[in-house]
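Trainee: Below is model.cif; it holds mmCIF, C-alpha atoms and all ligand atoms.
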```
data_query
#
loop_
_atom_site.label_atom_id
_atom_site.label_comp_id
_atom_site.auth_asym_id
_atom_site.auth_seq_id
_atom_site.Cartn_x
_atom_site.Cartn_y
_atom_site.Cartn_z
CA MET A 65 45.24 65.65 -117.73
CA MET A 66 42.93 62.64 -118.13
CA ALA A 67 44.87 59.40 -118.34
CA ASN A 68 43.17 58.11 -121.48
CA ALA A 69 43.93 61.42 -123.16
CA LEU A 70 47.61 60.77 -122.58
CA GLU A 71 49.55 60.47 -125.79
CA PHE A 72 52.94 58.76 -125.58
CA PRO A 73 55.68 59.35 -128.15
CA GLU A 74 55.98 56.35 -130.51
CA ALA A 75 59.75 56.37 -129.96
CA LEU A 76 59.18 55.75 -126.26
CA LEU A 77 56.68 52.93 -126.84
CA LEU A 78 58.97 51.22 -129.38
CA LYS A 79 61.94 51.43 -127.00
CA LEU A 80 59.92 50.12 -124.08
CA ARG A 81 58.45 47.19 -126.04
CA SER A 82 61.88 46.14 -127.31
CA ALA A 83 63.81 46.62 -124.05
CA ALA A 84 65.15 43.52 -122.34
CA ARG A 85 66.37 45.30 -119.21
CA VAL A 86 64.03 47.79 -117.53
CA VAL A 87 64.75 49.25 -114.09
CA VAL A 88 62.31 51.28 -112.00
CA LEU A 89 63.13 53.44 -108.97
CA THR A 90 60.13 54.42 -106.86
CA GLY A 91 59.62 56.82 -103.98
CA ALA A 92 56.82 57.84 -101.64
CA GLY A 93 54.87 59.48 -104.49
CA ILE A 94 53.84 56.11 -105.91
CA SER A 95 52.10 55.27 -102.61
CA GLN A 96 50.44 58.67 -102.27
CA GLU A 97 47.32 57.46 -104.09
CA SER A 98 47.15 54.58 -101.63
CA GLY A 99 46.57 57.20 -98.96
CA LEU A 100 50.10 57.21 -97.55
CA ARG A 101 51.78 60.54 -96.99
CA THR A 102 54.99 61.43 -98.78
CA PHE A 103 57.87 63.06 -96.96
CA ARG A 104 58.37 66.44 -98.57
CA ASP A 105 55.04 67.43 -100.04
CA PRO A 106 54.66 71.01 -98.75
CA GLN A 107 50.98 70.67 -97.92
CA ASN A 108 50.87 67.36 -96.11
CA GLY A 109 54.29 65.68 -96.20
CA LEU A 110 55.22 63.71 -93.10
CA TRP A 111 58.08 66.04 -92.42
CA ARG A 112 55.84 69.09 -92.32
CA GLN A 113 55.20 68.83 -88.59
CA TYR A 114 58.47 67.12 -87.65
CA ARG A 115 62.12 67.46 -88.54
CA PRO A 116 63.39 64.29 -90.24
CA GLU A 117 66.50 64.25 -88.05
CA GLU A 118 64.32 64.06 -84.91
CA LEU A 119 62.36 61.02 -85.98
CA ALA A 120 64.28 59.11 -88.60
CA SER A 121 67.82 59.05 -87.26
CA LEU A 122 69.82 56.99 -84.77
CA GLU A 123 70.56 60.20 -82.87
CA GLY A 124 66.84 60.99 -82.65
CA PHE A 125 66.16 57.44 -81.45
CA ARG A 126 68.87 57.62 -78.80
CA ARG A 127 67.58 61.02 -77.66
CA ASN A 128 63.93 60.00 -77.48
CA PRO A 129 63.37 56.31 -78.31
CA LYS A 130 59.69 56.38 -77.29
CA GLN A 131 58.85 59.28 -79.63
CA VAL A 132 60.57 57.57 -82.57
CA TRP A 133 59.08 54.15 -81.75
CA ASP A 134 55.56 55.69 -81.48
CA TRP A 135 55.94 57.58 -84.77
CA TYR A 136 56.80 54.36 -86.58
CA ALA A 137 53.99 52.51 -84.78
CA TYR A 138 51.62 55.19 -86.11
CA ARG A 139 53.05 54.83 -89.63
CA ARG A 140 52.86 51.00 -89.39
CA GLU A 141 49.16 51.30 -88.61
CA ALA A 142 48.68 53.66 -91.58
CA VAL A 143 50.47 51.17 -93.85
CA LYS A 144 48.32 48.29 -92.53
CA GLY A 145 45.24 50.12 -93.85
CA ALA A 146 46.80 50.91 -97.22
CA ARG A 147 46.36 48.92 -100.43
CA PRO A 148 48.32 49.06 -103.69
CA ASN A 149 46.98 51.54 -106.24
CA PRO A 150 46.87 51.34 -110.08
CA ALA A 151 50.47 52.55 -110.28
CA HIS A 152 51.71 49.56 -108.27
CA TYR A 153 49.66 47.18 -110.39
CA ALA A 154 50.91 48.76 -113.63
CA LEU A 155 54.46 47.89 -112.57
CA VAL A 156 53.37 44.28 -111.92
CA GLU A 157 52.01 44.21 -115.48
CA MET A 158 55.19 45.80 -116.85
CA GLU A 159 57.28 43.12 -115.11
CA ARG A 160 55.29 40.47 -116.99
CA HIS A 161 56.35 41.91 -120.34
CA VAL A 162 60.02 42.66 -119.64
CA PRO A 163 62.61 39.86 -119.69
CA TYR A 164 64.84 41.41 -117.01
CA PHE A 165 62.84 43.75 -114.79
CA THR A 166 64.18 45.24 -111.54
CA LEU A 167 62.10 47.34 -109.14
CA ILE A 168 64.15 49.40 -106.69
CA THR A 169 62.10 51.13 -104.03
CA GLN A 170 62.92 53.71 -101.36
CA ASN A 171 59.53 52.97 -99.82
CA VAL A 172 59.21 50.91 -96.66
CA ASP A 173 55.47 50.20 -97.03
CA GLY A 174 55.70 46.82 -98.81
CA LEU A 175 52.95 47.81 -101.28
CA HIS A 176 54.94 46.70 -104.34
CA GLN A 177 55.19 43.14 -102.98
CA MET A 178 51.53 43.24 -101.92
CA ALA A 179 50.59 44.18 -105.51
CA GLY A 180 52.55 41.19 -106.84
CA SER A 181 55.89 42.66 -107.95
CA ARG A 182 58.51 39.92 -107.77
CA ASN A 183 62.00 41.36 -108.19
CA VAL A 184 61.89 44.13 -105.55
CA ILE A 185 64.97 45.72 -103.95
CA GLU A 186 64.07 47.55 -100.70
CA LEU A 187 66.81 50.15 -100.37
CA HIS A 188 65.47 51.65 -97.13
CA GLY A 189 64.14 48.53 -95.39
CA ASN A 190 60.55 47.70 -94.48
CA ILE A 191 58.46 49.30 -91.75
CA GLN A 192 56.66 46.02 -90.96
CA ARG A 193 59.99 44.50 -89.87
CA VAL A 194 61.41 45.27 -86.40
CA ARG A 195 64.85 44.39 -85.06
CA CYS A 196 66.87 44.83 -81.88
CA SER A 197 68.85 48.11 -81.81
CA VAL A 198 71.65 46.30 -79.93
CA CYS A 199 72.08 42.72 -81.18
CA GLY A 200 70.22 43.13 -84.47
CA GLU A 201 67.96 40.12 -83.86
CA SER A 202 64.74 40.33 -85.88
CA ALA A 203 61.57 40.51 -83.80
CA LEU A 204 58.59 38.86 -85.50
CA ASP A 205 56.18 39.99 -82.82
CA TRP A 206 56.40 42.08 -79.67
CA GLU A 207 54.30 43.33 -76.77
CA ASP A 208 53.72 47.09 -76.93
CA ASP A 209 52.10 48.32 -73.69
CA GLY A 210 52.22 51.89 -74.99
CA LEU A 211 54.36 52.93 -72.04
CA GLU A 212 57.83 51.60 -72.85
CA VAL A 213 59.61 50.80 -76.08
CA PRO A 214 59.48 47.00 -76.40
CA ARG A 215 62.72 45.15 -75.72
CA CYS A 216 64.58 42.33 -77.45
CA GLU A 217 63.78 38.90 -75.99
CA ARG A 218 67.32 37.78 -76.56
CA CYS A 219 69.42 40.64 -75.14
CA GLY A 220 66.97 43.14 -73.65
CA GLY A 221 67.99 45.90 -76.07
CA LEU A 222 65.40 48.40 -77.32
CA LEU A 223 63.55 47.31 -80.48
CA ARG A 224 63.59 49.60 -83.54
CA PRO A 225 62.02 49.58 -86.99
CA ASP A 226 64.06 47.72 -89.61
CA VAL A 227 64.40 50.80 -91.81
CA VAL A 228 67.40 52.90 -92.87
CA TRP A 229 67.62 56.16 -90.92
CA PHE A 230 69.33 59.36 -91.98
CA GLY A 231 73.07 58.96 -91.56
CA GLU A 232 72.87 55.16 -91.63
CA SER A 233 74.28 53.11 -94.48
CA LEU A 234 71.96 51.21 -96.77
CA PRO A 235 71.95 47.39 -96.75
CA ALA A 236 75.11 46.70 -98.77
CA ALA A 237 73.72 43.81 -100.84
CA ALA A 238 70.60 45.78 -101.78
CA LEU A 239 72.60 48.84 -102.82
CA GLN A 240 75.05 46.76 -104.84
CA ALA A 241 72.21 45.00 -106.67
CA ALA A 242 70.53 48.34 -107.36
CA VAL A 243 73.71 49.91 -108.76
CA GLU A 244 74.39 46.86 -110.96
CA ALA A 245 70.84 46.89 -112.31
CA ALA A 246 70.94 50.64 -113.01
CA ARG A 247 74.21 50.32 -114.91
CA GLN A 248 72.79 47.63 -117.19
CA ALA A 249 69.39 49.23 -117.72
CA GLN A 250 68.22 49.98 -121.25
CA VAL A 251 65.24 51.92 -119.85
CA PHE A 252 65.21 53.51 -116.38
CA PHE A 253 62.10 54.96 -114.73
CA SER A 254 62.19 57.36 -111.76
CA ILE A 255 58.67 57.42 -110.31
CA GLY A 256 57.25 59.41 -107.38
CA THR A 257 60.52 60.54 -105.88
CA SER A 258 61.91 64.03 -105.28
CA GLY A 259 65.29 62.62 -106.22
CA ILE A 260 67.28 64.33 -103.48
CA VAL A 261 68.14 61.58 -100.99
CA GLN A 262 71.41 59.78 -101.70
CA PRO A 263 72.51 57.24 -102.70
CA ALA A 264 69.16 56.36 -104.34
CA ALA A 265 69.11 59.71 -106.15
CA SER A 266 72.31 58.77 -108.04
CA LEU A 267 70.83 55.65 -109.62
CA PRO A 268 69.04 57.39 -112.52
CA TYR A 269 72.28 59.16 -113.45
CA ALA A 270 74.22 55.89 -113.31
CA ALA A 271 71.73 54.46 -115.80
CA LYS A 272 71.63 57.53 -118.04
CA ASN A 273 75.42 57.78 -118.13
CA ARG A 274 75.55 54.20 -119.43
CA GLY A 275 73.12 54.91 -122.25
CA ALA A 276 69.74 54.11 -120.71
CA LEU A 277 66.59 55.91 -121.81
CA LEU A 278 65.55 57.92 -118.73
CA ILE A 279 61.85 58.47 -117.97
CA GLU A 280 60.51 60.46 -115.02
CA ILE A 281 56.92 60.18 -113.77
CA ASN A 282 56.31 62.60 -110.93
CA LEU A 283 53.73 65.11 -109.72
CA GLU A 284 56.20 67.98 -109.95
CA THR A 285 59.56 68.73 -111.52
CA THR A 286 62.66 67.53 -109.69
CA PRO A 287 66.43 68.02 -110.11
CA LEU A 288 66.30 64.97 -112.41
CA THR A 289 63.73 66.44 -114.81
CA PRO A 290 66.22 68.28 -117.05
CA ARG A 291 68.19 65.04 -117.55
CA ALA A 292 65.15 62.90 -118.37
CA ASP A 293 64.53 61.89 -122.00
CA PHE A 294 60.81 61.92 -121.20
CA ALA A 295 59.22 63.57 -118.15
CA PHE A 296 55.51 63.09 -117.40
CA HIS A 297 54.19 65.33 -114.67
CA GLY A 298 51.02 64.12 -113.04
CA LYS A 299 49.73 61.26 -110.92
CA ALA A 300 51.57 57.96 -111.24
CA GLY A 301 48.27 56.14 -110.71
CA GLU A 302 47.00 57.66 -113.97
CA ILE A 303 50.13 57.92 -116.12
CA LEU A 304 51.66 54.49 -115.48
CA PRO A 305 48.57 52.38 -116.31
CA ALA A 306 48.05 54.46 -119.48
CA LEU A 307 51.69 53.95 -120.50
CA VAL A 308 51.55 50.19 -119.88
CA ARG A 309 48.31 49.94 -121.91
CA ALA A 310 49.81 51.99 -124.74
CA SER A 311 52.94 49.81 -124.74
CA TRP A 312 51.50 46.33 -124.34
CA GLY A 313 47.73 46.63 -124.62
CA GLU A 314 45.26 45.51 -121.90
N1 LIG A 401 52.14 60.56 -108.38
C1 LIG A 401 53.43 60.84 -108.72
N2 LIG A 401 54.27 61.57 -107.92
C2 LIG A 401 53.77 62.02 -106.76
C3 LIG A 401 52.44 61.78 -106.34
C4 LIG A 401 51.62 61.01 -107.21
N3 LIG A 401 50.34 60.73 -106.90
N4 LIG A 401 52.25 62.40 -105.12
C5 LIG A 401 53.42 62.99 -104.80
N5 LIG A 401 54.33 62.77 -105.78
C6 LIG A 401 55.73 63.21 -105.83
C7 LIG A 401 56.01 64.52 -105.14
O1 LIG A 401 55.84 65.60 -106.05
C8 LIG A 401 57.48 64.35 -104.73
O2 LIG A 401 58.35 64.85 -105.73
O3 LIG A 401 56.47 62.23 -105.14
C9 LIG A 401 57.66 62.83 -104.62
C10 LIG A 401 57.85 62.36 -103.19
O4 LIG A 401 59.06 62.89 -102.73
P1 LIG A 401 59.47 62.72 -101.19
O5 LIG A 401 58.31 63.06 -100.33
O6 LIG A 401 60.77 63.43 -101.01
O7 LIG A 401 59.70 61.13 -101.02
P2 LIG A 401 60.94 60.29 -101.52
O8 LIG A 401 61.54 60.89 -102.77
O9 LIG A 401 60.49 58.88 -101.61
O10 LIG A 401 61.99 60.45 -100.30
C11 LIG A 401 63.16 59.67 -100.41
O11 LIG A 401 63.78 60.32 -98.17
O12 LIG A 401 62.76 60.81 -96.20
C12 LIG A 401 63.59 59.89 -96.82
O13 LIG A 401 63.88 57.58 -96.48
C13 LIG A 401 62.94 58.54 -96.86
O14 LIG A 401 62.65 57.00 -98.69
C14 LIG A 401 62.55 58.36 -98.32
C15 LIG A 401 63.57 59.20 -99.03
#
```
Do you think you could lay out the structure here as structure tokens?

Mentor:
Amino acid sequence: MMANALEFPEALLLKLRSAARVVVLTGAGISQESGLRTFRDPQNGLWRQYRPEELASLEGFRRNPKQVWDWYAYRREAVKGARPNPAHYALVEMERHVPYFTLITQNVDGLHQMAGSRNVIELHGNIQRVRCSVCGESALDWEDDGLEVPRCERCGGLLRPDVVWFGESLPAAALQAAVEAARQAQVFFSIGTSGIVQPAASLPYAAKNRGALLIEINLETTPLTPRADFAFHGKAGEILPALVRASWGE
């Protein structure tokens, strides 16, 4: 479906233009058009050749720290080469028009901030940040000889990516802010996420249950689709810019 052929219901445009509080939840799908793999896409998702538990869990790290460290080093390199796509920039534009705009992301690639989004809540951390797995000290730079996992300068513990792994709790302040924003949202977008990983997956329901208009933009249907007031299935990089243009003009 060509983006400019997209027609948006007038009711949606009116609601969006008049909303004071808009909240957006994004997942890996919004970065797919920046060339970054998603997690569960059957044909090329990151998990296709690995099991998530092996690579993105404390247990996996303890069992094979080098394999986990190297996998994140590979993903960090991929992120370094990535640039925001029209979907990221459409959200920057949307933020300009909405009095109270909150962007909650499950992504760790930092592309929303690179695009210029200001109020960003990183629920799952950021892959460019590294911290000590023992004392928690942030490491701004490190020597990686490719043989051993780099160690903390302060305590000698193994370094790890500053991201949330399966089984780990989310940063409490970030989750609290996300829940508060969702509860007060007048319009809530779920964009590029399969909507199955908790607690992020509960946020759209928290918004909907408090009266928000729920909009899903995703390549395929998800468990959230039946609850959405409007569901647009296609590429976020096409749908979002068209929706922002239709709502607020160029
Ligand atoms: N435009 C819109 N949606 C897209 C696009 C696109 N160009 N490409 C893919 N998608 C959709 C897919 O159809 C899929 O439903 O994005 C979704 C991505 O889902 P996942 O791969 O499960 O990623 P995500 O929902 O972000 O995963 C949540 O799980 O693995 C953990 O911590 C990790 O943050 C991640 C969390």

Trainee: Which residues are near Ala142 (chain A)? Cut-off 10 Å, all atoms listed in the file, ignore same chain within fewer than 6 positions. Put them as JSON, numbers by chain.

Mentor: {"A": [99, 100, 101, 136, 173]}

Trainee: Work out how far CA of Val227 (chain A) is from CA of Pro305 (chain A), in Å to one decimal.

Mentor: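 Calculated distance between CA of Pro305 (chain A) and CA of Val227 (chain A) is 29.2 Å.
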
Trainee: What's the 9 Å shell around Cys216 (chain A), counting all atoms listed in the file, without same-chain residues fewer than 5 positions away, as number ranges by chain?

Mentor: A: 195-199, 201-203, 206, 221-223

Trainee: Within 6 Å of ligand LIG 401 (chain A), which residues show up when you count all atoms listed in the file? List them as JSON, numbers by chain, please.

Mentor: {"A": [91, 92, 93, 94, 96, 97, 102, 103, 104, 105, 170, 171, 256, 257, 258, 259, 261, 282, 283, 284, 298, 299, 300]}

Trainee: Kindly indicate which residue among A:Val156, A:Leu307, A:Ser254, A:Ala179 lies nearest to Phe72 (chain A), using all atoms listed in the file for the distances.

Mentor: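 So, comparing all the options, the nearest one is A:Leu307.
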
Trainee: Select, from A:Ala245, A:Leu175, A:Ile191, A:Ala306, the residue with the minimum atom-to-atom distance to Leu89 (chain A), counting only C-alpha atoms.

Mentor: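 Using only C-alpha atoms, Leu89 (chain A) sits closest to A:Ala245.
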
Trainee: Hey, which of A:Gln250, A:Gln192, A:Ser311, A:Ser233 ends up closest to Val86 (chain A)? Count all atoms listed in the file.

Mentor: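 Closest candidate: A:Gln250.
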
Trainee: With all atoms listed in the file as the atoms that count, which of A:Pro268, A:Pro225, A:Pro235, A:Gly301 lies nearest to Leu119 (chain A)?

Mentor: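 Nearest candidate to Leu119 (chain A) out of A:Pro268, A:Pro225, A:Pro235, A:Gly301: A:Pro225.
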
Trainee: Please compute the CA of Leu204 (chain A)-CA of Tyr153 (chain A) distance, one decimal, in Å.

Mentor: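 So the two atoms, CA of Leu204 (chain A) and CA of Tyr153 (chain A), lie 27.7 Å apart.
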
Trainee: Take CA of Ala249 (chain A) and CA of Ala310 (chain A) and report the distance between them in Å, one decimal.

Mentor: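 Pair CA of Ala249 (chain A) / CA of Ala310 (chain A) returns 21.0 Å.
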
Trainee: If you count all atoms listed in the file, which residues fall within 12 Å of Arg247 (chain A), apart from same-chain ones fewer than 6 positions away, as a list in words?

Mentor: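 Here the answer would be Arg85, Val86, Val87, Thr166, Gln240, Ala241, Ser266, Leu267, Pro268, Tyr269, Ala270, Ala271, Lys272, Asn273, Arg274, Gly275, Ala276 and Leu277 of chain A.
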
Trainee: Of the candidates A:Ala265, A:Leu304, A:Val251, A:Ile281, which one gets nearest to Lys79 (chain A) if we count only C-alpha atoms?

Mentor: A:Val251

Trainee: Using only C-alpha atoms, give me every residue within 10 Å of (63.6, 56.0, -86.3) in file coordinates, as a VMD selection string.

Mentor: chain A and resid 116 to 126 128 to 136 224 to 230

Trainee: List the neighbours of Ser181 (chain A) out to 10 Å using only C-alpha atoms; skip same-chain residues closer than 2 positions along the sequence, and give me the result as a list in words.

Mentor: His152, Tyr153, Ala154, Leu155, Val156, Glu157, Met158, Glu159, Arg160, Phe165, Thr166, Leu167, Leu175, His176, Gln177, Met178, Ala179, Asn183 and Val184 of chain A

Trainee: Ranking A:Glu207, A:Arg218, A:Thr90, A:Leu77 by minimum distance to Glu280 (chain A) and counting only C-alpha atoms, which one comes first?

Mentor: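 Of A:Glu207, A:Arg218, A:Thr90, A:Leu77, the one nearest Glu280 (chain A) is A:Thr90, counting only C-alpha atoms.
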
Trainee: What are the centre and edge lengths in Å, to one decimal, of the axis-aligned box around all listed atoms of region 170-189 of chain A with 5 Å added on each side, as JSON?

Mentor:
```
{"center_x": 58.7, "center_y": 46.8, "center_z": -101.8, "size_x": 26.2, "size_y": 23.8, "size_z": 22.8}
```

Trainee: Could N, CA and C atoms be built for region 103-130 of chain A and written out as a compact mmCIF listing (two decimals), keeping the file's coordinate frame?

Mentor:
```
# COMPACT_ATOMS: atom_id res chain seq x y z
N PHE A 103 57.02 62.45 -98.00
CA PHE A 103 57.87 63.06 -96.96
C PHE A 103 57.96 64.57 -97.10
N ARG A 104 58.02 65.03 -98.38
CA ARG A 104 58.37 66.44 -98.57
C ARG A 104 57.28 67.24 -99.25
N ASP A 105 56.10 66.62 -99.43
CA ASP A 105 55.04 67.43 -100.04
C ASP A 105 54.76 68.60 -99.11
N PRO A 106 54.80 69.84 -99.62
CA PRO A 106 54.66 71.01 -98.75
C PRO A 106 53.35 71.00 -97.96
N GLN A 107 52.26 70.49 -98.63
CA GLN A 107 50.98 70.67 -97.92
C GLN A 107 50.77 69.59 -96.86
N ASN A 108 51.19 68.36 -97.15
CA ASN A 108 50.87 67.36 -96.11
C ASN A 108 51.97 66.32 -95.92
N GLY A 109 53.20 66.64 -96.37
CA GLY A 109 54.29 65.68 -96.20
C GLY A 109 54.52 65.37 -94.73
N LEU A 110 55.00 64.16 -94.49
CA LEU A 110 55.22 63.71 -93.10
C LEU A 110 56.16 64.65 -92.36
N TRP A 111 57.08 65.21 -93.10
CA TRP A 111 58.08 66.04 -92.42
C TRP A 111 57.53 67.41 -92.08
N ARG A 112 56.32 67.71 -92.52
CA ARG A 112 55.84 69.09 -92.32
C ARG A 112 55.82 69.43 -90.84
N GLN A 113 55.33 68.46 -90.01
CA GLN A 113 55.20 68.83 -88.59
C GLN A 113 56.40 68.35 -87.77
N TYR A 114 57.29 67.58 -88.41
CA TYR A 114 58.47 67.12 -87.65
C TYR A 114 59.72 67.47 -88.43
N ARG A 115 60.85 67.38 -87.81
CA ARG A 115 62.12 67.46 -88.54
C ARG A 115 62.62 66.03 -88.74
N PRO A 116 62.98 65.68 -89.98
CA PRO A 116 63.39 64.29 -90.24
C PRO A 116 64.43 63.80 -89.23
N GLU A 117 65.40 64.69 -88.92
CA GLU A 117 66.50 64.25 -88.05
C GLU A 117 65.98 63.81 -86.68
N GLU A 118 64.84 64.40 -86.25
CA GLU A 118 64.32 64.06 -84.91
C GLU A 118 63.75 62.64 -84.89
N LEU A 119 63.16 62.26 -86.02
CA LEU A 119 62.36 61.02 -85.98
C LEU A 119 62.95 59.87 -86.77
N ALA A 120 63.79 60.19 -87.74
CA ALA A 120 64.28 59.11 -88.60
C ALA A 120 65.81 59.12 -88.59
N SER A 121 66.36 59.09 -87.38
CA SER A 121 67.82 59.05 -87.26
C SER A 121 68.17 58.31 -85.97
N LEU A 122 69.36 57.72 -85.95
CA LEU A 122 69.82 56.99 -84.77
C LEU A 122 69.94 57.97 -83.60
N GLU A 123 70.39 59.17 -83.92
CA GLU A 123 70.56 60.20 -82.87
C GLU A 123 69.19 60.53 -82.27
N GLY A 124 68.20 60.69 -83.14
CA GLY A 124 66.84 60.99 -82.65
C GLY A 124 66.32 59.85 -81.79
N PHE A 125 66.63 58.60 -82.21
CA PHE A 125 66.16 57.44 -81.45
C PHE A 125 66.83 57.38 -80.08
N ARG A 126 68.13 57.68 -80.08
CA ARG A 126 68.87 57.62 -78.80
C ARG A 126 68.36 58.72 -77.86
N ARG A 127 68.03 59.87 -78.47
CA ARG A 127 67.58 61.02 -77.66
C ARG A 127 66.18 60.75 -77.12
N ASN A 128 65.31 60.20 -77.95
CA ASN A 128 63.93 60.00 -77.48
C ASN A 128 63.36 58.74 -78.14
N PRO A 129 63.77 57.56 -77.66
CA PRO A 129 63.37 56.31 -78.31
C PRO A 129 61.86 56.13 -78.38
N LYS A 130 61.15 56.57 -77.34
CA LYS A 130 59.69 56.38 -77.29
C LYS A 130 59.02 57.20 -78.40
```
